[in-house]
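One file, upload.cif, carrying mmCIF, C-alpha atoms:
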```cif
data_coords
#
loop_
_atom_site.group_PDB
_atom_site.id
_atom_site.type_symbol
_atom_site.label_atom_id
_atom_site.label_comp_id
_atom_site.auth_asym_id
_atom_site.auth_seq_id
_atom_site.Cartn_x
_atom_site.Cartn_y
_atom_site.Cartn_z
ATOM 1 C CA MET A 12 116.430 109.219 100.218
ATOM 2 C CA SER A 13 113.733 109.789 97.592
ATOM 3 C CA ASP A 14 110.587 107.701 97.478
ATOM 4 C CA SER A 15 110.738 104.600 95.293
ATOM 5 C CA LYS A 16 109.012 105.058 91.953
ATOM 6 C CA LEU A 17 108.451 101.316 91.619
ATOM 7 C CA ALA A 18 107.016 100.995 95.130
ATOM 8 C CA GLY A 19 104.473 103.658 94.264
ATOM 9 C CA GLN A 20 103.618 101.881 91.041
ATOM 10 C CA PHE A 21 103.024 98.637 92.909
ATOM 11 C CA PHE A 22 100.716 100.294 95.432
ATOM 12 C CA ASP A 23 98.809 101.910 92.577
ATOM 13 C CA ALA A 24 98.473 98.568 90.795
ATOM 14 C CA ALA A 25 97.302 96.784 93.939
ATOM 15 C CA ILE A 26 94.801 99.535 94.767
ATOM 16 C CA GLY A 27 93.481 99.407 91.214
ATOM 17 C CA LEU A 28 92.936 95.670 91.461
ATOM 18 C CA LEU A 29 91.241 96.019 94.843
ATOM 19 C CA GLU A 30 88.892 98.612 93.395
ATOM 20 C CA ARG A 31 88.099 96.308 90.473
ATOM 21 C CA VAL A 32 87.250 93.311 92.633
ATOM 22 C CA ARG A 33 85.247 95.510 95.011
ATOM 23 C CA ASP A 34 83.114 96.813 92.159
ATOM 24 C CA GLU A 35 83.019 93.871 89.736
ATOM 25 C CA GLU A 36 82.891 90.939 92.176
ATOM 26 C CA ALA A 37 80.395 92.389 94.656
ATOM 27 C CA GLY A 38 77.701 89.935 93.613
ATOM 28 C CA ALA A 39 79.986 86.928 93.913
ATOM 29 C CA VAL A 40 81.287 88.095 97.305
ATOM 30 C CA ALA A 41 77.711 88.517 98.520
ATOM 31 C CA ALA A 42 76.767 85.047 97.267
ATOM 32 C CA ALA A 43 79.809 83.462 98.913
ATOM 33 C CA GLY A 44 79.148 85.234 102.205
ATOM 34 C CA ALA A 45 75.520 84.133 102.147
ATOM 35 C CA ALA A 46 76.559 80.531 101.450
ATOM 36 C CA ILE A 47 78.981 80.578 104.380
ATOM 37 C CA ALA A 48 76.291 82.004 106.676
ATOM 38 C CA GLU A 49 73.816 79.362 105.526
ATOM 39 C CA THR A 50 76.376 76.624 106.231
ATOM 40 C CA VAL A 51 77.045 77.963 109.732
ATOM 41 C CA ALA A 52 73.342 78.373 110.477
ATOM 42 C CA SER A 53 72.484 74.860 109.296
ATOM 43 C CA GLY A 54 75.181 73.154 111.359
ATOM 44 C CA GLY A 55 77.711 72.650 108.579
ATOM 45 C CA ARG A 56 81.449 73.059 108.743
ATOM 46 C CA LEU A 57 83.736 75.409 106.823
ATOM 47 C CA PHE A 58 87.010 74.561 105.094
ATOM 48 C CA ALA A 59 89.572 76.508 103.073
ATOM 49 C CA PHE A 60 92.179 75.057 100.735
ATOM 50 C CA GLY A 61 94.993 76.529 98.708
ATOM 51 C CA ALA A 62 98.267 75.138 97.398
ATOM 52 C CA GLY A 63 101.577 76.976 97.187
ATOM 53 C CA HIS A 64 101.257 80.706 97.679
ATOM 54 C CA SER A 65 97.490 80.374 97.281
ATOM 55 C CA SER A 66 97.568 78.679 100.687
ATOM 56 C CA LEU A 67 98.484 82.032 102.271
ATOM 57 C CA ALA A 68 94.999 83.421 101.718
ATOM 58 C CA ALA A 69 93.464 80.190 103.033
ATOM 59 C CA GLN A 70 95.571 80.305 106.189
ATOM 60 C CA ASP A 71 94.672 83.963 106.661
ATOM 61 C CA VAL A 72 91.075 83.053 107.580
ATOM 62 C CA VAL A 73 91.861 80.090 109.855
ATOM 63 C CA TYR A 74 92.245 80.531 113.640
ATOM 64 C CA ARG A 75 92.388 84.252 113.086
ATOM 65 C CA ALA A 76 91.466 87.073 115.467
ATOM 66 C CA GLY A 77 88.451 88.756 113.924
ATOM 67 C CA GLY A 78 87.715 85.649 111.872
ATOM 68 C CA LEU A 79 85.132 82.892 112.032
ATOM 69 C CA ALA A 80 86.216 80.198 114.472
ATOM 70 C CA LEU A 81 84.605 77.536 112.280
ATOM 71 C CA MET A 82 86.909 78.024 109.294
ATOM 72 C CA ASN A 83 89.287 75.060 109.074
ATOM 73 C CA LEU A 84 92.331 74.582 106.860
ATOM 74 C CA LEU A 85 92.036 71.589 104.529
ATOM 75 C CA ALA A 86 95.723 70.847 104.222
ATOM 76 C CA VAL A 87 97.352 68.728 101.541
ATOM 77 C CA PRO A 88 100.734 67.609 102.912
ATOM 78 C CA GLY A 89 103.629 69.074 100.998
ATOM 79 C CA THR A 90 101.631 71.836 99.333
ATOM 80 C CA VAL A 91 100.757 74.222 102.173
ATOM 81 C CA GLY A 92 103.938 76.293 102.183
ATOM 82 C CA VAL A 93 107.506 76.717 101.060
ATOM 83 C CA ASP A 94 108.802 74.841 104.110
ATOM 84 C CA VAL A 95 108.671 71.566 102.157
ATOM 85 C CA MET A 96 112.104 70.563 100.860
ATOM 86 C CA PRO A 97 112.773 71.021 98.063
ATOM 87 C CA ALA A 98 110.291 73.849 97.584
ATOM 88 C CA THR A 99 109.712 72.703 94.004
ATOM 89 C CA LEU A 100 108.099 69.510 95.350
ATOM 90 C CA GLY A 101 105.018 71.519 96.327
ATOM 91 C CA SER A 102 104.535 72.641 92.738
ATOM 92 C CA ALA A 103 104.998 69.095 91.488
ATOM 93 C CA LEU A 104 102.392 67.733 93.916
ATOM 94 C CA GLU A 105 99.787 70.151 92.554
ATOM 95 C CA ARG A 106 99.925 68.184 89.302
ATOM 96 C CA VAL A 107 99.470 64.724 90.821
ATOM 97 C CA ASP A 108 96.220 63.004 89.860
ATOM 98 C CA GLY A 109 94.270 61.432 92.717
ATOM 99 C CA LEU A 110 95.847 63.386 95.550
ATOM 100 C CA ALA A 111 92.774 65.565 96.110
ATOM 101 C CA SER A 112 90.418 62.620 96.479
ATOM 102 C CA ALA A 113 92.762 60.910 98.928
ATOM 103 C CA VAL A 114 92.865 64.028 101.100
ATOM 104 C CA LEU A 115 89.119 64.602 100.975
ATOM 105 C CA ASP A 116 88.315 60.977 101.755
ATOM 106 C CA SER A 117 90.430 61.124 104.925
ATOM 107 C CA SER A 118 89.176 64.577 106.003
ATOM 108 C CA PRO A 119 86.164 65.425 108.187
ATOM 109 C CA ALA A 120 84.426 67.087 105.211
ATOM 110 C CA ARG A 121 80.933 65.803 104.494
ATOM 111 C CA SER A 122 77.745 66.703 102.682
ATOM 112 C CA GLY A 123 76.369 70.055 103.798
ATOM 113 C CA ASP A 124 79.790 71.575 104.448
ATOM 114 C CA LEU A 125 81.407 74.379 102.462
ATOM 115 C CA LEU A 126 84.878 74.480 100.943
ATOM 116 C CA VAL A 127 86.652 77.551 99.632
ATOM 117 C CA ILE A 128 89.312 76.574 97.078
ATOM 118 C CA ILE A 129 91.933 79.161 96.227
ATOM 119 C CA SER A 130 94.036 78.693 93.105
ATOM 120 C CA LEU A 131 95.358 81.593 91.096
ATOM 121 C CA SER A 132 95.644 79.711 87.823
ATOM 122 C CA GLY A 133 93.039 77.036 88.570
ATOM 123 C CA ARG A 134 94.740 74.862 85.958
ATOM 124 C CA ASN A 135 96.459 72.158 88.009
ATOM 125 C CA ALA A 136 95.011 68.757 88.847
ATOM 126 C CA LEU A 137 94.902 69.347 92.595
ATOM 127 C CA PRO A 138 92.432 72.269 92.777
ATOM 128 C CA VAL A 139 90.336 70.978 89.865
ATOM 129 C CA GLU A 140 89.955 67.513 91.384
ATOM 130 C CA MET A 141 89.401 69.006 94.842
ATOM 131 C CA ALA A 142 86.435 70.937 93.483
ATOM 132 C CA GLN A 143 85.084 67.979 91.509
ATOM 133 C CA ASN A 144 85.288 65.594 94.433
ATOM 134 C CA ALA A 145 83.978 68.062 96.998
ATOM 135 C CA ARG A 146 80.858 68.726 94.951
ATOM 136 C CA ALA A 147 80.375 64.996 94.438
ATOM 137 C CA LEU A 148 80.428 64.613 98.236
ATOM 138 C CA GLY A 149 77.728 67.256 98.568
ATOM 139 C CA LEU A 150 79.833 70.225 99.625
ATOM 140 C CA THR A 151 79.208 73.754 98.422
ATOM 141 C CA VAL A 152 82.356 74.877 96.595
ATOM 142 C CA VAL A 153 83.498 78.495 96.369
ATOM 143 C CA GLY A 154 86.416 79.111 94.016
ATOM 144 C CA VAL A 155 88.757 82.092 94.216
ATOM 145 C CA THR A 156 90.807 82.235 91.047
ATOM 146 C CA SER A 157 91.925 84.368 88.124
ATOM 147 C CA VAL A 158 89.578 83.798 85.226
ATOM 148 C CA ALA A 159 92.206 85.247 82.867
ATOM 149 C CA TYR A 160 94.129 81.976 83.113
ATOM 150 C CA THR A 161 91.263 80.069 81.490
ATOM 151 C CA THR A 162 91.923 81.853 78.203
ATOM 152 C CA GLY A 163 95.633 82.620 78.631
ATOM 153 C CA THR A 164 96.818 79.113 79.561
ATOM 154 C CA LYS A 165 95.917 75.456 79.049
ATOM 155 C CA SER A 166 94.535 73.231 81.788
ATOM 156 C CA ARG A 167 96.852 70.600 83.255
ATOM 157 C CA HIS A 168 93.910 68.426 84.281
ATOM 158 C CA VAL A 169 92.927 65.452 82.170
ATOM 159 C CA SER A 170 89.439 66.912 81.689
ATOM 160 C CA GLY A 171 90.813 70.077 80.129
ATOM 161 C CA GLY A 172 88.819 72.088 82.657
ATOM 162 C CA PHE A 173 89.765 74.706 85.209
ATOM 163 C CA LEU A 174 88.777 75.286 88.833
ATOM 164 C CA ARG A 175 86.105 77.775 87.793
ATOM 165 C CA ASP A 176 84.313 75.018 85.857
ATOM 166 C CA HIS A 177 83.582 73.012 89.015
ATOM 167 C CA CYS A 178 82.454 75.626 91.551
ATOM 168 C CA ASP A 179 79.059 76.731 92.793
ATOM 169 C CA ILE A 180 80.338 80.299 93.209
ATOM 170 C CA VAL A 181 83.410 81.859 91.554
ATOM 171 C CA LEU A 182 85.274 84.972 92.701
ATOM 172 C CA ASP A 183 87.601 86.388 90.035
ATOM 173 C CA SER A 184 90.735 88.032 91.439
ATOM 174 C CA LYS A 185 91.401 89.795 88.094
ATOM 175 C CA ILE A 186 95.113 88.949 88.340
ATOM 176 C CA ALA A 187 96.837 88.884 84.956
ATOM 177 C CA VAL A 188 98.508 85.700 83.731
ATOM 178 C CA GLY A 189 101.977 85.549 85.278
ATOM 179 C CA ASP A 190 101.036 87.396 88.501
ATOM 180 C CA ALA A 191 103.514 90.244 88.212
ATOM 181 C CA GLU A 192 102.454 93.877 88.149
ATOM 182 C CA LEU A 193 105.702 95.631 87.255
ATOM 183 C CA THR A 194 108.379 95.740 84.595
ATOM 184 C CA ALA A 195 111.437 97.939 84.541
ATOM 185 C CA ASP A 196 114.488 98.662 82.411
ATOM 186 C CA GLY A 197 117.348 96.457 83.447
ATOM 187 C CA VAL A 198 115.051 93.820 84.969
ATOM 188 C CA GLU A 199 114.604 90.850 82.663
ATOM 189 C CA ALA A 200 111.561 89.289 84.348
ATOM 190 C CA PRO A 201 108.269 90.948 85.371
ATOM 191 C CA PHE A 202 107.980 91.249 89.148
ATOM 192 C CA ALA A 203 105.900 92.411 92.152
ATOM 193 C CA PRO A 204 102.988 89.938 92.362
ATOM 194 C CA ALA A 205 99.710 91.215 93.844
ATOM 195 C CA SER A 206 97.682 88.004 94.032
ATOM 196 C CA THR A 207 98.162 87.547 97.783
ATOM 197 C CA VAL A 208 96.963 91.084 98.534
ATOM 198 C CA VAL A 209 93.890 90.803 96.327
ATOM 199 C CA THR A 210 92.947 87.225 97.176
ATOM 200 C CA SER A 211 93.248 87.832 100.918
ATOM 201 C CA ALA A 212 91.057 90.918 100.542
ATOM 202 C CA LEU A 213 88.418 88.854 98.733
ATOM 203 C CA MET A 214 88.521 86.270 101.507
ATOM 204 C CA GLN A 215 88.089 88.874 104.245
ATOM 205 C CA ALA A 216 85.279 90.584 102.315
ATOM 206 C CA MET A 217 83.575 87.206 102.051
ATOM 207 C CA MET A 218 83.922 86.647 105.812
ATOM 208 C CA ALA A 219 82.604 90.125 106.589
ATOM 209 C CA THR A 220 79.567 89.415 104.430
ATOM 210 C CA ALA A 221 79.030 86.112 106.230
ATOM 211 C CA ALA A 222 79.069 87.885 109.602
ATOM 212 C CA GLU A 223 76.569 90.417 108.284
ATOM 213 C CA GLU A 224 74.304 87.643 107.012
ATOM 214 C CA LEU A 225 74.439 85.759 110.313
ATOM 215 C CA VAL A 226 73.437 88.865 112.266
ATOM 216 C CA ALA A 227 70.511 89.327 109.878
ATOM 217 C CA ARG A 228 69.420 85.787 110.798
ATOM 218 C CA GLY A 229 69.645 86.569 114.505
ATOM 219 C CA ILE A 230 72.783 84.466 114.982
ATOM 220 C CA GLU A 231 75.861 85.814 116.742
ATOM 221 C CA PRO A 232 78.788 85.220 114.369
ATOM 222 C CA PRO A 233 81.241 82.805 116.041
ATOM 223 C CA LEU A 234 84.203 85.168 115.803
ATOM 224 C CA LEU A 235 87.544 84.895 117.556
ATOM 225 C CA ARG A 236 89.123 87.776 119.461
ATOM 226 C CA SER A 237 92.804 88.570 119.727
ATOM 227 C CA GLY A 238 94.541 86.680 122.500
ATOM 228 C CA ASN A 239 96.643 89.802 123.018
ATOM 229 C CA VAL A 240 93.766 91.885 124.384
ATOM 230 C CA ASP A 241 92.298 91.526 127.851
ATOM 231 C CA GLY A 242 89.527 88.945 127.926
ATOM 232 C CA GLY A 243 90.471 87.504 124.551
ATOM 233 C CA HIS A 244 91.373 84.031 125.800
ATOM 234 C CA GLU A 245 88.169 83.770 127.814
ATOM 235 C CA TRP A 246 86.067 84.839 124.842
ATOM 236 C CA ASN A 247 87.786 82.367 122.530
ATOM 237 C CA GLY A 248 87.400 79.570 125.064
ATOM 238 C CA ARG A 249 83.639 80.091 125.091
ATOM 239 C CA VAL A 250 83.436 80.076 121.290
ATOM 240 C CA MET A 251 85.630 76.968 121.084
ATOM 241 C CA ARG A 252 83.443 75.120 123.579
ATOM 242 C CA GLU A 253 80.216 76.116 121.865
ATOM 243 C CA TYR A 254 81.363 75.125 118.393
ATOM 244 C CA GLY A 255 84.007 72.530 119.256
ATOM 245 C CA ASP A 256 82.407 69.795 117.155
ATOM 246 C CA ARG A 257 82.974 71.880 114.022
ATOM 247 C CA ILE A 258 86.538 73.032 114.740
ATOM 248 C CA PHE A 259 89.270 70.628 113.645
ATOM 249 C CA TYR A 260 92.490 72.577 114.197
ATOM 250 C CA ARG A 261 92.578 71.742 117.899
ATOM 251 C CA HIS A 262 92.513 68.559 120.002
#
```

How does the structure come out when it is put into structure tokens?
Amino acid sequence: MSDSKLAGQFFDAAIGLLERVRDEEAGAVAAAGAAIAETVASGGRLFAFGAGHSSLAAQDVVYRAGGLALMNLLAVPGTVGVDVMPATLGSALERVDGLASAVLDSSPARSGDLLVIISLSGRNALPVEMAQNARALGLTVVGVTSVAYTTGTKSRHVSGGFLRDHCDIVLDSKIAVGDAELTADGVEAPFAPASTVVTSALMQAMMATAAEELVARGIEPPLLRSGNVDGGHEWNGRVMREYGDRIFYRH
């Protein structure tokens, strides 16, 4: 069987985007990593939020081997994955006014914490209001979004603004409007989205920078080890005990 031409094209497109964000977003990644390190060092807590498929990149840095134990998922019920029935309900909830403030008000988030908000389009009410309300509460807000949507689409928020307008630091994923890298004869719709690959890479680059910054401050980064390697559970137990008051995904 010959190699797939389209598979190769997708890999090339994804690699090209990764190279772009590596080179063009280096300053923003460094700023985000430094902000995370500062939050950890000053006793703050870390949260990540994303709705729909944007939640995948948020979940990728929570309770993750090789990741910071302090990163917590800020979940909005019904929007975290495609397990909600019907799946279209998740998309509808992203457009509901007031939902973000209700979630934030009942969460552990407080002034001095940091929240990473991931939204590819950044145009729906949920991520925009999440950013607005988080900053009003005194949180540092890092947005991971595609800036292209701010000129290629219209905001669905009453303010007319996008996620990028309400963040302290913005990382641009460079994903084109529509999030599909390929077209082909005989296929009516564009296909092969790369946003998950690129956004997850930005998140991990941000976390790597945070670890680097913490070491520079003389602080051991509170990282988790794999539970599938010898000594992993013992290591993680120590980290969980030391930082238990800032970890909310366990009882």

For Asp190 in chain A, please output as a short mmCIF file (atom, residue, chain, number, x, y, z; two decimals) with C-alpha atoms, in the coordinates of the input all residues within 8 Å (counting all atoms listed in the file; exclusion window: fewer than 4 positions along the same chain).
```
data_model
loop_
_atom_site.label_atom_id
_atom_site.label_comp_id
_atom_site.auth_asym_id
_atom_site.auth_seq_id
_atom_site.Cartn_x
_atom_site.Cartn_y
_atom_site.Cartn_z
CA ILE A 186 95.11 88.95 88.34
CA PHE A 202 107.98 91.25 89.15
CA ALA A 203 105.90 92.41 92.15
CA PRO A 204 102.99 89.94 92.36
CA ALA A 205 99.71 91.22 93.84
CA SER A 206 97.68 88.00 94.03
#
```

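Pairwise distance (CA of Arg146 in chain A, CA of Phe60 in chain A) equals 14.2 Å.
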
Please, what is the axis-aligned box for every listed atom of range 213-225 of chain A with 8 Å on each side, as centre and edge lengths in Å to one decimal, as lines of an AutoDock Vina configuration file?
```
center_x = 81.4
center_y = 88.2
center_z = 104.5
size_x = 30.2
size_y = 20.8
size_z = 27.6
```

Reference answer for the PyMOL selection byres ((chain A and resi 30-34) around 10), as a PyMOL selection string
chain A and resi 24-29+35-40+182-186+209-210+212-213+216

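Across the structure, CA of Leu126 in chain A and CA of Ala43 in chain A are spaced 10.5 Å apart.
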
Can you measure CA of Gly19 in chain A to CA of Val198 in chain A for me? One decimal in Å is fine.
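Going from CA of Gly19 in chain A over to CA of Val198 in chain A covers 17.2 Å.
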
Written as a list of chain:residue names, what is the full residue list that the PyMOL selection byres ((chain A and resi 256) around 12) yields on the file shown?
A:Gly54, A:Gly55, A:Arg56, A:Leu57, A:Ala80, A:Leu81, A:Asn83, A:Pro119, A:Val250, A:Met251, A:Arg252, A:Glu253, A:Tyr254, A:Gly255, A:Arg257, A:Ile258, A:Phe259, A:Tyr260, A:Arg261, A:His262

Tell me which residues the PyMOL selection byres ((chain A and resi 88-96) around 12) grabs here, as a VMD selection string.
chain A and resid 59 to 70 84 to 87 97 to 107 110 to 111 113 to 114 129 to 130 137 to 138

Pick from A:Gly171, A:Gly109, A:Gly78, A:Gly189, whichever lies nearest to Asn144 in chain A using all atoms listed in the file:
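Of A:Gly171, A:Gly109, A:Gly78, A:Gly189, the one nearest Asn144 in chain A, counting all atoms listed in the file, is A:Gly109.
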
Of the candidates A:Val155, A:Leu150, A:Val51, A:Ala46, which one gets nearest to Ser211 in chain A if we count only C-alpha atoms?
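The shortest atom-to-atom distance to Ser211 in chain A comes from A:Val155.
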
Quick one: of A:Asp124, A:Leu193, A:Ala45, A:Asp23, who's nearest to Thr220 in chain A, counting only C-alpha atoms?
A:Ala45

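Minimum distance to Leu115 in chain A across A:Ala219, A:Val139, A:Met214, A:Leu148 (counting only C-alpha atoms) occurs at A:Leu148.
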
Residues around (79.7, 91.2, 109.5), cut-off 12 Å, counting all atoms listed in the file - what are they as a PDB file with C-alpha atoms, in the frame of the given file?
```pdb
ATOM      1  CA  ALA A  41      77.711  88.517  98.520  1.00  0.00           C
ATOM      2  CA  GLY A  44      79.148  85.234 102.205  1.00  0.00           C
ATOM      3  CA  ALA A  45      75.520  84.133 102.147  1.00  0.00           C
ATOM      4  CA  ILE A  47      78.981  80.578 104.380  1.00  0.00           C
ATOM      5  CA  ALA A  48      76.291  82.004 106.676  1.00  0.00           C
ATOM      6  CA  GLY A  77      88.451  88.756 113.924  1.00  0.00           C
ATOM      7  CA  GLY A  78      87.715  85.649 111.872  1.00  0.00           C
ATOM      8  CA  LEU A  79      85.132  82.892 112.032  1.00  0.00           C
ATOM      9  CA  GLN A 215      88.089  88.874 104.245  1.00  0.00           C
ATOM     10  CA  ALA A 216      85.279  90.584 102.315  1.00  0.00           C
ATOM     11  CA  MET A 217      83.575  87.206 102.051  1.00  0.00           C
ATOM     12  CA  MET A 218      83.922  86.647 105.812  1.00  0.00           C
ATOM     13  CA  ALA A 219      82.604  90.125 106.589  1.00  0.00           C
ATOM     14  CA  THR A 220      79.567  89.415 104.430  1.00  0.00           C
ATOM     15  CA  ALA A 221      79.030  86.112 106.230  1.00  0.00           C
ATOM     16  CA  ALA A 222      79.069  87.885 109.602  1.00  0.00           C
ATOM     17  CA  GLU A 223      76.569  90.417 108.284  1.00  0.00           C
ATOM     18  CA  GLU A 224      74.304  87.643 107.012  1.00  0.00           C
ATOM     19  CA  LEU A 225      74.439  85.759 110.313  1.00  0.00           C
ATOM     20  CA  VAL A 226      73.437  88.865 112.266  1.00  0.00           C
ATOM     21  CA  ALA A 227      70.511  89.327 109.878  1.00  0.00           C
ATOM     22  CA  ARG A 228      69.420  85.787 110.798  1.00  0.00           C
ATOM     23  CA  ILE A 230      72.783  84.466 114.982  1.00  0.00           C
ATOM     24  CA  GLU A 231      75.861  85.814 116.742  1.00  0.00           C
ATOM     25  CA  PRO A 232      78.788  85.220 114.369  1.00  0.00           C
ATOM     26  CA  PRO A 233      81.241  82.805 116.041  1.00  0.00           C
ATOM     27  CA  LEU A 234      84.203  85.168 115.803  1.00  0.00           C
TER      28      LEU A 234
END
```

Tyr160 in chain A: which residues within 10 Å, counting all atoms listed in the file, same-chain residues fewer than 5 positions away excluded, as a count of residues only?
12
